[in-house]
>>> print(open('protein23.cif').read())   # mmCIF, C-alpha atoms
data_coords
loop_
_atom_site.label_atom_id
_atom_site.label_comp_id
_atom_site.auth_asym_id
_atom_site.auth_seq_id
_atom_site.Cartn_x
_atom_site.Cartn_y
_atom_site.Cartn_z
CA MET A 1 97.29 35.61 163.36
CA LEU A 2 93.95 34.99 165.06
CA SER A 3 93.74 35.59 168.77
CA LYS A 4 92.89 32.95 171.27
CA GLN A 5 89.40 34.39 171.55
CA GLY A 6 89.01 33.91 167.79
CA TRP A 7 89.92 30.26 167.95
CA VAL A 8 87.95 29.72 171.10
CA SER A 9 84.98 30.69 168.97
CA LYS A 10 85.73 27.72 166.73
CA ALA A 11 83.69 25.50 169.00
CA MET A 12 80.84 27.96 168.64
CA VAL A 13 81.07 27.85 164.84
CA GLU A 14 80.96 24.09 164.86
CA SER A 15 77.92 24.12 167.08
CA ARG A 16 76.19 26.72 164.86
CA GLY A 17 76.31 29.43 167.48
CA SER A 18 73.74 32.04 168.38
CA GLU A 19 73.53 35.50 166.80
CA GLN A 20 75.28 36.94 169.85
CA GLN A 21 78.13 34.45 169.46
CA TRP A 22 78.45 35.29 165.77
CA PHE A 23 78.56 38.95 166.71
CA ASP A 24 81.40 38.27 169.14
CA LEU A 25 83.27 36.12 166.64
CA ALA A 26 83.01 38.65 163.81
CA GLY A 27 84.09 41.42 166.17
CA HIS A 28 87.14 39.44 167.24
CA LEU A 29 88.09 38.66 163.67
CA VAL A 30 87.79 42.25 162.49
CA HIS A 31 89.61 43.52 165.55
CA ASP A 32 92.35 40.92 165.34
CA LEU A 33 92.95 41.49 161.67
CA HIS A 34 93.37 45.22 162.12
CA SER A 35 96.67 45.11 163.93
CA PRO A 36 98.65 42.86 161.58
CA ILE A 37 97.25 44.48 158.45
CA LEU A 38 97.89 48.01 159.65
CA ALA A 39 101.40 47.06 160.78
CA ALA A 40 102.14 45.50 157.40
CA LEU A 41 100.64 48.48 155.58
CA SER A 42 102.64 50.95 157.59
CA ALA A 43 105.91 49.08 157.12
CA THR A 44 105.47 48.47 153.41
CA ARG A 45 104.34 52.07 152.86
CA GLN A 46 107.57 53.34 154.39
CA LEU A 47 109.64 50.85 152.44
CA TYR A 48 107.82 51.76 149.23
CA ARG A 49 108.98 55.35 149.69
CA VAL A 50 112.65 54.53 150.26
CA VAL A 51 113.57 51.35 148.39
CA THR A 52 115.18 52.05 145.05
CA GLY A 53 116.61 48.79 143.62
CA ARG A 54 114.46 47.64 140.68
CA ARG A 55 113.72 44.14 141.88
CA GLU A 56 113.29 45.21 145.50
CA LYS A 57 111.10 48.11 144.42
CA LEU A 58 108.80 45.77 142.52
CA GLN A 59 108.49 43.44 145.47
CA VAL A 60 107.86 46.23 147.96
CA GLN A 61 105.39 47.83 145.55
CA THR A 62 103.47 44.54 145.36
CA ALA A 63 103.52 44.16 149.13
CA TYR A 64 102.36 47.74 149.68
CA ALA A 65 99.58 47.45 147.12
CA ALA A 66 98.41 44.14 148.57
CA CYS A 67 98.44 45.49 152.14
CA SER A 68 96.54 48.60 151.16
CA GLN A 69 93.96 46.50 149.30
CA ALA A 70 93.59 44.15 152.27
CA SER A 71 93.22 47.12 154.58
CA SER A 72 90.55 48.61 152.34
CA ILE A 73 88.58 45.35 152.21
CA LEU A 74 88.83 45.03 155.97
CA ALA A 75 87.59 48.61 156.36
CA ASN A 76 84.53 47.73 154.27
CA VAL A 77 83.91 44.61 156.32
CA GLU A 78 84.28 46.55 159.55
CA PHE A 79 81.87 49.20 158.34
CA LEU A 80 79.26 46.59 157.46
CA TYR A 81 79.80 44.86 160.78
CA ARG A 82 79.38 48.06 162.75
CA GLU A 83 76.29 48.98 160.81
CA LYS A 84 74.67 45.56 161.08
CA TYR A 85 75.20 45.36 164.80
CA SER A 86 74.66 49.09 165.44
CA VAL A 87 78.04 49.40 167.07
CA GLY A 88 78.45 52.94 165.76
CA GLN A 89 80.99 54.32 163.36
CA PRO A 90 84.08 56.11 164.65
CA ILE A 91 84.02 59.70 163.41
CA ARG A 92 87.07 61.91 163.31
CA ARG A 93 87.23 65.66 163.04
CA ASP A 94 90.06 66.74 160.79
CA ARG A 95 90.71 70.14 159.36
CA LEU A 96 91.08 69.80 155.61
CA SER A 97 92.55 72.31 153.21
CA ALA A 98 92.80 72.15 149.42
CA SER A 99 96.36 70.83 149.60
CA VAL A 100 95.45 68.19 152.20
CA LEU A 101 92.58 67.04 150.00
CA ARG A 102 94.84 66.86 147.00
CA THR A 103 97.39 64.78 148.91
CA LEU A 104 94.67 62.49 150.24
CA VAL A 105 93.28 61.90 146.76
CA ALA A 106 96.72 61.43 145.18
CA GLU A 107 97.80 58.89 147.82
CA VAL A 108 94.66 56.81 147.42
CA ARG A 109 94.91 57.01 143.64
CA GLU A 110 98.50 55.79 143.76
CA ALA A 111 97.73 52.86 146.06
CA VAL A 112 94.74 51.73 144.00
CA GLY A 113 96.68 52.15 140.76
CA LEU A 114 99.35 49.77 142.01
CA VAL A 115 96.68 47.13 142.54
CA TYR A 116 95.26 47.32 139.04
CA GLU A 117 97.29 49.20 136.50
CA PRO A 118 100.13 51.46 137.66
CA ASP A 119 100.46 53.07 134.24
CA ARG A 120 96.83 54.14 133.93
CA GLU A 121 96.58 57.87 133.36
CA VAL A 122 94.77 59.57 136.20
CA GLN A 123 94.39 63.31 135.98
CA ILE A 124 93.68 65.13 139.23
CA ASP A 125 92.33 68.69 139.00
CA VAL A 126 91.75 70.87 142.00
CA HIS A 127 89.34 73.76 141.73
CA CYS A 128 89.23 75.00 145.28
CA SER A 129 90.25 78.31 146.72
CA ASP A 130 93.54 78.20 148.63
CA SER A 131 91.70 79.46 151.68
CA LEU A 132 89.38 76.42 151.78
CA SER A 133 89.22 75.03 155.28
CA MET A 134 86.66 72.48 156.34
CA ILE A 135 86.10 69.99 159.10
CA ALA A 136 85.46 66.44 158.00
CA ASP A 137 86.47 62.88 158.73
CA SER A 138 89.49 62.46 156.49
CA ARG A 139 89.68 58.71 157.05
CA ALA A 140 86.05 58.20 156.06
CA LEU A 141 86.47 60.50 153.06
CA SER A 142 89.59 58.63 152.00
CA HIS A 143 87.77 55.31 152.45
CA ALA A 144 84.78 56.44 150.38
CA PHE A 145 87.01 57.87 147.66
CA ARG A 146 89.03 54.66 147.55
CA ASN A 147 85.91 52.60 146.97
CA VAL A 148 84.85 54.89 144.14
CA ILE A 149 88.19 55.07 142.34
CA ASP A 150 88.64 51.34 142.85
CA ASN A 151 85.48 50.87 140.80
CA ALA A 152 86.79 53.25 138.15
CA PHE A 153 89.93 51.13 137.75
CA ARG A 154 88.08 47.85 137.94
CA TYR A 155 85.24 48.61 135.55
CA GLY A 156 87.02 51.15 133.35
CA PHE A 157 88.33 50.18 129.94
CA ALA A 158 92.00 49.19 130.01
CA LYS A 159 94.30 52.15 129.51
CA SER A 160 91.41 54.60 129.40
CA PRO A 161 92.11 57.76 131.41
CA ILE A 162 90.40 58.56 134.69
CA ARG A 163 89.73 62.13 135.70
CA VAL A 164 89.36 63.25 139.30
CA VAL A 165 88.09 66.75 140.03
CA ILE A 166 88.12 68.25 143.51
CA GLU A 167 86.04 71.41 143.69
CA SER A 168 84.43 73.55 146.30
CA LYS A 169 81.09 75.13 145.46
CA GLU A 170 80.68 78.06 147.73
CA GLY A 171 77.59 79.83 146.39
CA PRO A 172 74.43 80.22 148.43
CA GLU A 173 72.54 77.87 146.09
CA PRO A 174 73.10 75.01 146.35
CA GLU A 175 74.52 74.77 149.85
CA PRO A 176 78.29 75.24 149.99
CA GLU A 177 79.85 71.87 149.43
CA LEU A 178 82.96 69.96 148.50
CA VAL A 179 82.58 67.75 145.44
CA ILE A 180 85.07 65.07 144.47
CA SER A 181 84.14 63.61 141.08
CA VAL A 182 85.62 60.51 139.50
CA CYS A 183 84.98 60.26 135.77
CA SER A 184 85.90 57.12 133.86
CA TYR A 185 85.16 55.27 130.62
CA GLY A 186 84.14 51.68 131.01
CA LEU A 187 81.32 49.23 131.42
CA PRO A 188 78.11 51.25 131.23
CA ILE A 189 75.60 51.57 134.03
CA ARG A 190 72.12 51.26 132.60
CA GLU A 191 69.65 54.03 133.28
CA ASP A 192 67.36 51.84 135.35
CA GLU A 193 70.32 50.69 137.46
CA ILE A 194 71.64 54.07 138.54
CA ASP A 195 69.32 54.46 141.53
CA LYS A 196 70.19 50.98 142.76
CA CYS A 197 73.97 51.31 142.47
CA SER A 198 74.35 52.34 146.10
CA ASN A 199 72.27 49.46 147.41
CA LEU A 200 74.07 46.82 149.43
CA GLY A 201 75.12 43.94 147.19
CA PHE A 202 73.77 45.45 143.97
CA ARG A 203 75.82 44.98 140.82
CA GLY A 204 74.95 46.26 137.37
CA ARG A 205 74.26 43.72 134.66
CA ASP A 206 77.40 44.40 132.63
CA ALA A 207 79.60 44.35 135.71
CA ARG A 208 78.00 41.16 136.95
CA LEU A 209 78.53 39.37 133.65
CA ASN A 210 82.15 40.34 133.20
CA LEU A 211 83.83 40.52 136.59
CA PRO A 212 83.43 39.05 140.04
CA GLY A 213 82.65 41.55 142.78
CA SER A 214 80.81 42.03 146.05
CA GLY A 215 78.61 45.08 145.50
CA PHE A 216 79.86 46.61 148.76
CA GLY A 217 81.98 49.50 147.53
CA LEU A 218 79.43 52.10 146.49
CA TYR A 219 77.10 51.16 149.32
CA VAL A 220 79.80 51.73 151.93
CA ALA A 221 80.96 54.93 150.22
CA SER A 222 77.46 56.37 150.14
CA ARG A 223 76.86 55.49 153.80
CA LEU A 224 80.18 57.01 154.84
CA LEU A 225 79.20 60.22 153.11
CA ARG A 226 75.72 60.17 154.61
CA TYR A 227 77.17 59.92 158.11
CA GLN A 228 78.77 63.28 157.43
CA GLY A 229 75.69 64.82 155.90
CA GLY A 230 76.85 64.17 152.33
CA SER A 231 75.76 61.98 149.46
CA ILE A 232 76.89 60.27 146.28
CA ILE A 233 75.50 61.16 142.88
CA ILE A 234 76.05 58.84 139.93
CA ARG A 235 75.67 59.81 136.30
CA SER A 236 76.23 57.53 133.36
CA LEU A 237 76.05 58.29 129.68
CA GLY A 238 77.09 55.40 127.47
CA ALA A 239 80.55 54.33 128.51
CA MET A 240 81.19 57.47 130.54
CA THR A 241 80.40 57.25 134.24
CA THR A 242 80.82 59.98 136.82
CA VAL A 243 80.56 59.27 140.51
CA ALA A 244 80.56 62.42 142.62
CA LEU A 245 81.08 62.56 146.38
CA HIS A 246 79.25 65.55 147.86
CA LEU A 247 80.16 66.79 151.31
CA PRO A 248 78.66 69.94 152.86
CA LEU A 249 81.10 72.68 153.78
CA GLY A 250 78.74 74.46 156.15
CA SER A 251 78.56 74.49 159.92
CA GLU A 252 75.76 71.88 159.94
CA ILE A 253 78.26 69.13 159.38
CA ASN A 254 80.31 70.34 162.34
CA ALA A 255 77.23 70.31 164.52
CA ASP A 256 76.54 66.73 163.38
CA LEU A 257 80.07 65.73 164.20
CA ASP A 258 79.80 67.27 167.64
CA SER A 259 76.71 65.32 168.50
CA MET B 1 111.03 27.90 127.16
CA GLN B 2 107.63 29.53 127.39
CA ILE B 3 105.54 29.62 130.58
CA LEU B 4 101.94 30.74 130.23
CA ILE B 5 100.28 32.40 133.23
CA VAL B 6 96.49 32.70 133.14
CA GLU B 7 95.76 35.01 136.05
CA ASP B 8 93.39 37.96 136.29
CA ASP B 9 94.89 39.53 139.40
CA TYR B 10 97.51 42.03 138.33
CA LEU B 11 99.40 41.90 141.64
CA GLN B 12 99.60 38.14 141.77
CA ALA B 13 100.48 37.82 138.12
CA SER B 14 103.31 40.32 138.33
CA ASN B 15 104.62 38.67 141.47
CA MET B 16 104.48 35.22 139.89
CA ALA B 17 106.10 36.44 136.69
CA GLU B 18 108.93 37.97 138.68
CA ALA B 19 109.46 34.75 140.65
CA LEU B 20 109.49 32.71 137.44
CA ARG B 21 111.90 35.03 135.68
CA SER B 22 114.35 34.87 138.54
CA ASN B 23 114.10 31.07 138.89
CA PHE B 24 113.91 30.25 135.19
CA PRO B 25 115.91 33.04 133.60
CA GLU B 26 115.81 31.37 130.20
CA SER B 27 112.03 31.32 130.17
CA LYS B 28 109.63 33.61 128.35
CA VAL B 29 106.63 34.40 130.53
CA ARG B 30 103.36 35.13 128.80
CA ARG B 31 100.34 36.35 130.74
CA LEU B 32 96.66 36.23 129.86
CA GLY B 33 94.38 38.14 132.21
CA SER B 34 90.90 36.75 131.61
CA GLU B 35 88.96 33.80 130.28
CA TYR B 36 88.12 35.72 127.14
CA ALA B 37 91.80 36.58 126.60
CA PHE B 38 92.59 32.88 126.90
CA VAL B 39 89.84 31.83 124.47
CA SER B 40 90.97 34.50 122.01
CA ALA B 41 94.59 33.37 122.24
CA LEU B 42 93.78 29.67 121.87
CA GLU B 43 94.93 29.45 118.25
CA SER B 44 98.31 30.98 119.05
CA ILE B 45 98.65 28.71 122.08
CA ARG B 46 97.98 25.70 119.86
CA SER B 47 100.43 26.80 117.21
CA GLU B 48 103.16 27.47 119.76
CA PRO B 49 102.32 25.50 122.90
CA PRO B 50 103.97 26.66 126.11
CA GLU B 51 106.12 24.24 128.08
CA ILE B 52 103.87 24.70 131.08
CA VAL B 53 100.68 26.55 132.03
CA LEU B 54 99.99 28.14 135.37
CA MET B 55 96.23 28.48 135.54
CA ASP B 56 94.13 30.36 138.07
CA ILE B 57 90.68 28.85 138.53
CA MET B 58 88.56 31.86 139.44
CA LEU B 59 88.89 34.24 136.52
CA ARG B 60 86.96 37.22 135.26
CA TRP B 61 85.31 36.74 131.89
CA ALA B 62 87.02 39.73 130.28
CA GLU B 63 88.96 42.91 130.84
CA PRO B 64 86.45 45.66 130.22
CA THR B 65 86.86 46.98 126.67
CA PRO B 66 84.40 48.69 124.34
CA ASP B 67 84.14 45.63 122.09
CA THR B 68 84.25 42.69 124.48
CA PRO B 69 81.45 40.29 123.60
CA PRO B 70 79.12 39.25 126.41
CA PRO B 71 79.96 35.92 127.99
CA PRO B 72 78.41 32.86 126.36
CA GLU B 73 75.69 30.91 128.10
CA GLU B 74 78.13 28.28 129.36
CA VAL B 75 80.20 30.94 131.15
CA THR B 76 77.16 32.68 132.62
CA ARG B 77 75.82 29.38 133.87
CA GLY B 78 79.15 28.02 135.17
CA GLY B 79 80.25 31.30 136.72
CA PHE B 80 83.67 32.83 137.35
CA ALA B 81 84.58 30.13 139.86
CA ARG B 82 85.01 27.50 137.12
CA ALA B 83 86.69 29.63 134.45
CA GLY B 84 90.11 27.99 134.81
CA ILE B 85 88.55 24.54 134.53
CA ARG B 86 86.85 25.56 131.27
CA CYS B 87 90.16 26.88 129.93
CA LEU B 88 91.88 23.66 130.97
CA LYS B 89 89.28 21.60 129.12
CA LEU B 90 89.98 23.60 125.98
CA LEU B 91 93.65 22.70 126.31
CA LEU B 92 92.83 19.04 126.83
CA GLN B 93 90.60 18.95 123.76
CA SER B 94 93.38 19.88 121.38
CA SER B 95 96.01 17.40 120.20
CA GLU B 96 98.64 20.16 120.23
CA THR B 97 98.10 21.12 123.84
CA LYS B 98 96.58 18.12 125.60
CA HIS B 99 99.94 17.00 126.98
CA VAL B 100 101.11 20.40 128.17
CA PRO B 101 101.60 20.24 131.95
CA VAL B 102 99.20 22.50 133.81
CA ILE B 103 99.30 23.68 137.39
CA LEU B 104 95.89 24.79 138.62
CA TYR B 105 96.95 27.50 141.03
CA SER B 106 94.11 28.82 143.10
CA VAL B 107 92.97 30.10 146.46
CA LEU B 108 90.32 27.39 146.33
CA GLU B 109 90.77 24.18 148.25
CA ARG B 110 90.97 21.01 146.21
CA GLY B 111 87.72 19.89 147.81
CA ASP B 112 85.96 23.00 146.43
CA VAL B 113 86.38 21.68 142.91
CA ALA B 114 86.67 17.98 143.66
CA ASN B 115 84.00 17.00 141.12
CA GLU B 116 86.02 18.58 138.35
CA PHE B 117 89.08 16.49 139.09
CA ASP B 118 87.74 13.01 138.55
CA SER B 119 88.72 12.92 134.92
CA LEU B 120 91.88 15.01 134.95
CA PRO B 121 95.11 13.44 133.67
CA GLY B 122 98.28 13.07 135.72
CA HIS B 123 100.08 16.01 134.17
CA VAL B 124 97.55 18.42 135.67
CA LEU B 125 98.43 19.34 139.23
CA PHE B 126 96.38 21.24 141.75
CA LEU B 127 98.24 23.63 144.01
CA ARG B 128 96.74 26.00 146.53
CA LYS B 129 98.10 29.54 146.30
CA ASP B 130 100.71 30.22 148.90
CA ALA B 131 102.73 33.20 150.00
CA ASP B 132 105.85 31.12 149.53
CA ASP B 133 106.87 31.22 145.86
CA ASP B 134 109.30 28.39 146.49
CA VAL B 135 106.45 25.88 146.66
CA LEU B 136 105.25 26.90 143.23
CA VAL B 137 108.75 26.97 141.80
CA ARG B 138 109.48 23.51 143.20
CA HIS B 139 106.38 22.06 141.56
CA LEU B 140 107.16 23.80 138.30
CA ARG B 141 110.67 22.46 138.37
CA SER B 142 109.47 18.96 139.18
CA LEU B 143 107.15 19.05 136.19
CA LEU B 144 109.79 20.49 133.93
CA VAL B 145 112.84 18.45 134.83
CA GLY B 146 111.43 15.50 136.75
CA ILE B 147 112.87 16.28 140.16
CA GLY B 148 111.27 17.34 143.42
CA GLU B 149 108.77 15.74 145.73
CA VAL B 150 108.29 12.06 145.03
CA PRO B 151 104.63 11.97 144.00
CA ASP B 152 105.13 14.82 141.59
CA ALA B 153 108.30 13.38 140.21
CA MET B 154 106.43 10.11 139.69
CA SER B 155 103.62 11.87 137.87
CA THR B 156 106.15 13.53 135.63
CA TRP B 157 107.90 10.25 134.96
CA ARG B 158 104.62 8.52 134.13
CA TRP B 159 103.57 11.39 131.96
CA ARG B 160 106.84 11.39 130.02
CA LEU B 161 106.74 7.65 129.56
CA TRP B 162 103.17 7.94 128.34
CA ASN B 163 104.17 10.56 125.80
CA SER B 164 107.05 8.48 124.56
CA ILE B 165 104.70 5.53 124.10
CA GLU B 166 102.31 7.65 122.10
CA ALA B 167 105.11 9.10 120.03
CA LYS B 168 106.42 5.61 119.24
CA PRO B 169 103.54 3.13 119.05
CA GLY B 170 105.91 0.32 118.05
CA TRP B 171 107.90 0.90 121.19
CA LEU B 172 110.62 -1.67 121.96
CA GLY B 173 110.02 -3.15 118.54
CA PHE B 174 107.53 -5.71 119.77
CA GLY B 175 104.66 -4.15 117.91
CA ILE B 176 102.60 -4.23 121.08
CA ASP B 177 100.17 -1.38 121.54
CA LEU B 178 101.10 -0.58 125.09
CA LYS B 179 98.46 2.11 125.41
CA LYS B 180 95.68 -0.32 124.64
CA LEU B 181 97.25 -2.83 126.97
CA PHE B 182 97.46 -0.24 129.72
CA HIS B 183 93.89 0.85 129.17
CA ARG B 184 92.73 -2.73 129.34
CA SER B 185 94.55 -3.50 132.57
CA LYS B 186 93.47 -0.18 134.08
CA GLY B 187 89.91 -0.88 133.03
CA THR B 188 90.04 -4.27 134.65
CA GLU B 189 91.30 -2.73 137.88
CA ASP B 190 88.58 -0.11 137.80
CA ASP B 191 85.92 -2.65 137.09
CA SER B 192 87.01 -4.81 139.96
#
>>> encode(input="protein23.cif", output="structure tokens")
Amino acid sequence: MLSKQGWVSKAMVESRGSEQQWFDLAGHLVHDLHSPILAALSATRQLYRVVTGRREKLQVQTAYAACSQASSILANVEFLYREKYSVGQPIRRDRLSASVLRTLVAEVREAVGLVYEPDREVQIDVHCSDSLSMIADSRALSHAFRNVIDNAFRYGFAKSPIRVVIESKEGPEPEPELVISVCSYGLPIREDEIDKCSNLGFRGRDARLNLPGSGFGLYVASRLLRYQGGSIIIRSLGAMTTVALHLPLGSEINADLDS
Amino acid sequence: MQILIVEDDYLQASNMAEALRSNFPESKVRRLGSEYAFVSALESIRSEPPEIVLMDIMLRWAEPTPDTPPPPEEVTRGGFARAGIRCLKLLLQSSETKHVPVILYSVLERGDVANEFDSLPGHVLFLRKDADDDVLVRHLRSLLVGIGEVPDAMSTWRWRLWNSIEAKPGWLGFGIDLKKLFHRSKGTEDDS
């Protein structure tokens, strides 16, 4: 699946190439992987919606879940690549309503659930006015939310419910904002670890001891939010952890997006 | 027939289980999803050994639960990347399970864990994970019924012969301890 440019870079790898060569190689790899993964994701997503036979459904479900997971990992890698080499992040302007947000959250939840535990109970509550209309990068929001709910599945206790709340806070204080909270029961985050959770490569002690992981997810999510003027707030009390994505609703974010 | 899958990835495990059920419809597939689950189930595995074990190498220590004990020092030191090898060693230590064929099925290359393989017996195969289930099924079949690719079929044949020798020490009625004899000749070869 690698392009010729990718394999041409093989000689560079063997000769321990320069930083610039590594930059080119990584760019080629990320770029070249995008097309096949997105094509596979798109095809399996459509099949997943239409196939009905039990055995076929299971196979398509596995393929769809695997493609969506691969796509998500690639998105994290691409983000890190762009940030490391200051390539700049693509920012989209999408108009989001309460129903669009609900669909976005439900689709991501479903795809992640298939990867870990399709039967896990995930309750999605929407507390937004029907008239909510905001401009934001839906792809970045979806990406950040995926990383957060992925953690909830991964580090949550088996069969424990996950609760997702989408709410708009429209009062003058604090600033009007959209908050998407993911609340789960699982491995605790210690008090002294909470501030470090969004650091690149950081993993809490309990997570590190029990499961392999990269420590990319929350870092990428928090950076994606920050690019849009938002932030991530983490709270943990015993086994209960809430990760909340905050995104401003006001015109400032639009101005940022314009620039 | 019971096939035990030790695999912590839900997607891969369900895919493998489906492939096994369709290729070995008479089989009962049991799945354990972590090293801790395997260690906890060891007694039941010993009392009712599976016909074959399909073992991932890189495994999480445990599924998160409120009462999962922290990993022991050996696990912390050895890391997730050797979990399957530790589980395999537990199987090899027990007289009930030491002859159960095991396929180490991993994304790792054989060279990544080469040091671990020096002392492994012939009924333990290493197979790199592949998108093609047929490769896995072929190896399983070769271990189970003694057919398939020649080297694997030979391993199976040797392994079965070995078992029959152990089961009947007075094999062929000559009263010769063939195992000792074999060890001696093998030792001589190694020494030379």
>>> atom_distance(input="protein23.cif", atom1="atom CA of B:Ala13", atom2="atom CA of A:Val50")
24.0 Å
>>> closest_residue(input="protein23.cif", among="A:Ile232, A:Leu225, A:Cys67, A:Met240", to="A:Leu187", atoms="all atoms listed in the file")
A:Met240
>>> resolve_selection(input="protein23.cif", expression="the PyMOL selection byres ((chain B and resi 86) around 12)", output="PyMOL selection string")
chain B and resi 34-36+38-39+55-59+61+74-75+77-85+87-93+104+116
>>> resolve_selection(input="protein23.cif", expression="the PyMOL selection byres ((chain A) within 6 of (chain B))", output="ChimeraX atom specification")
/A:115-116,157,210-211
>>> resolve_selection(input="protein23.cif", expression="the PyMOL selection byres ((chain A and resi 177) around 12)", output="number ranges by chain")
A: 128, 132-136, 166-176, 178-180, 228-231, 244-253
>>> atom_distance(input="protein23.cif", atom1="atom CA of B:Lys129", atom2="atom CA of B:Val6")
13.6 Å
>>> residues_around(input="protein23.cif", residues="A:Ser72", least_positions_apart="6", cutoff="10 Å", atoms="all atoms listed in the file", output="MDAnalysis selection string")
chainID A and resid 37 66 78 112 143:144 146:147 217
>>> atom_distance(input="protein23.cif", atom1="atom CA of A:Ala65", atom2="atom CA of B:Pro25")
25.6 Å
>>> residues_around(input="protein23.cif", residues="A:Gln89", least_positions_apart="3", cutoff="8 Å", atoms="only C-alpha atoms", output="MDAnalysis selection string")
chainID A and resid 79 82:83
>>> axis_aligned_box(input="protein23.cif", around="stretch 105-108 of chain A", padding_each_side="5 Å", output="JSON")
{"center_x": 95.5, "center_y": 59.4, "center_z": 146.5, "size_x": 14.5, "size_y": 15.1, "size_z": 12.6}
>>> closest_residue(input="protein23.cif", among="A:Ala152, A:Leu41, A:Leu96, A:Ile234", to="A:Arg139", atoms="all atoms listed in the file")
A:Leu96
>>> closest_residue(input="protein23.cif", among="A:Asn199, A:Gln123, A:Ser35, A:Ser68", to="A:Tyr48", atoms="all atoms listed in the file")
A:Ser68
>>> decode(input="protein23.cif", residues="stretch 37-48 of chain A", atoms="N, CA and C atoms", output="JSON list (two decimals), in the first residue's frame")
[["chain", "number", "residue", "atom", "x", "y", "z"],
["A", 37, "ILE", "N", -7.15, 3.67, 4.02],
["A", 37, "ILE", "CA", -7.93, 3.51, 5.26],
["A", 37, "ILE", "C", -9.29, 4.18, 5.13],
["A", 38, "LEU", "N", -9.30, 5.38, 4.55],
["A", 38, "LEU", "CA", -10.59, 6.05, 4.38],
["A", 38, "LEU", "C", -11.49, 5.30, 3.42],
["A", 39, "ALA", "N", -10.89, 4.74, 2.36],
["A", 39, "ALA", "CA", -11.70, 3.97, 1.40],
["A", 39, "ALA", "C", -12.30, 2.74, 2.09],
["A", 40, "ALA", "N", -11.47, 2.06, 2.88],
["A", 40, "ALA", "CA", -11.96, 0.87, 3.59],
["A", 40, "ALA", "C", -13.03, 1.26, 4.61],
["A", 41, "LEU", "N", -12.80, 2.37, 5.30],
["A", 41, "LEU", "CA", -13.77, 2.82, 6.31],
["A", 41, "LEU", "C", -15.10, 3.16, 5.66],
["A", 42, "SER", "N", -15.02, 3.88, 4.56],
["A", 42, "SER", "CA", -16.25, 4.28, 3.88],
["A", 42, "SER", "C", -17.03, 3.06, 3.39],
["A", 43, "ALA", "N", -16.31, 2.12, 2.77],
["A", 43, "ALA", "CA", -16.99, 0.94, 2.23],
["A", 43, "ALA", "C", -17.59, 0.08, 3.34],
["A", 44, "THR", "N", -16.83, -0.13, 4.39],
["A", 44, "THR", "CA", -17.34, -1.01, 5.46],
["A", 44, "THR", "C", -18.46, -0.32, 6.23],
["A", 45, "ARG", "N", -18.39, 1.02, 6.31],
["A", 45, "ARG", "CA", -19.45, 1.75, 7.01],
["A", 45, "ARG", "C", -20.78, 1.57, 6.27],
["A", 46, "GLN", "N", -20.70, 1.67, 4.94],
["A", 46, "GLN", "CA", -21.93, 1.48, 4.15],
["A", 46, "GLN", "C", -22.44, 0.04, 4.27],
["A", 47, "LEU", "N", -21.50, -0.89, 4.19],
["A", 47, "LEU", "CA", -21.91, -2.30, 4.30],
["A", 47, "LEU", "C", -22.53, -2.57, 5.67],
["A", 48, "TYR", "N", -21.92, -2.00, 6.70],
["A", 48, "TYR", "CA", -22.39, -2.21, 8.06],
["A", 48, "TYR", "C", -23.86, -1.79, 8.21]]
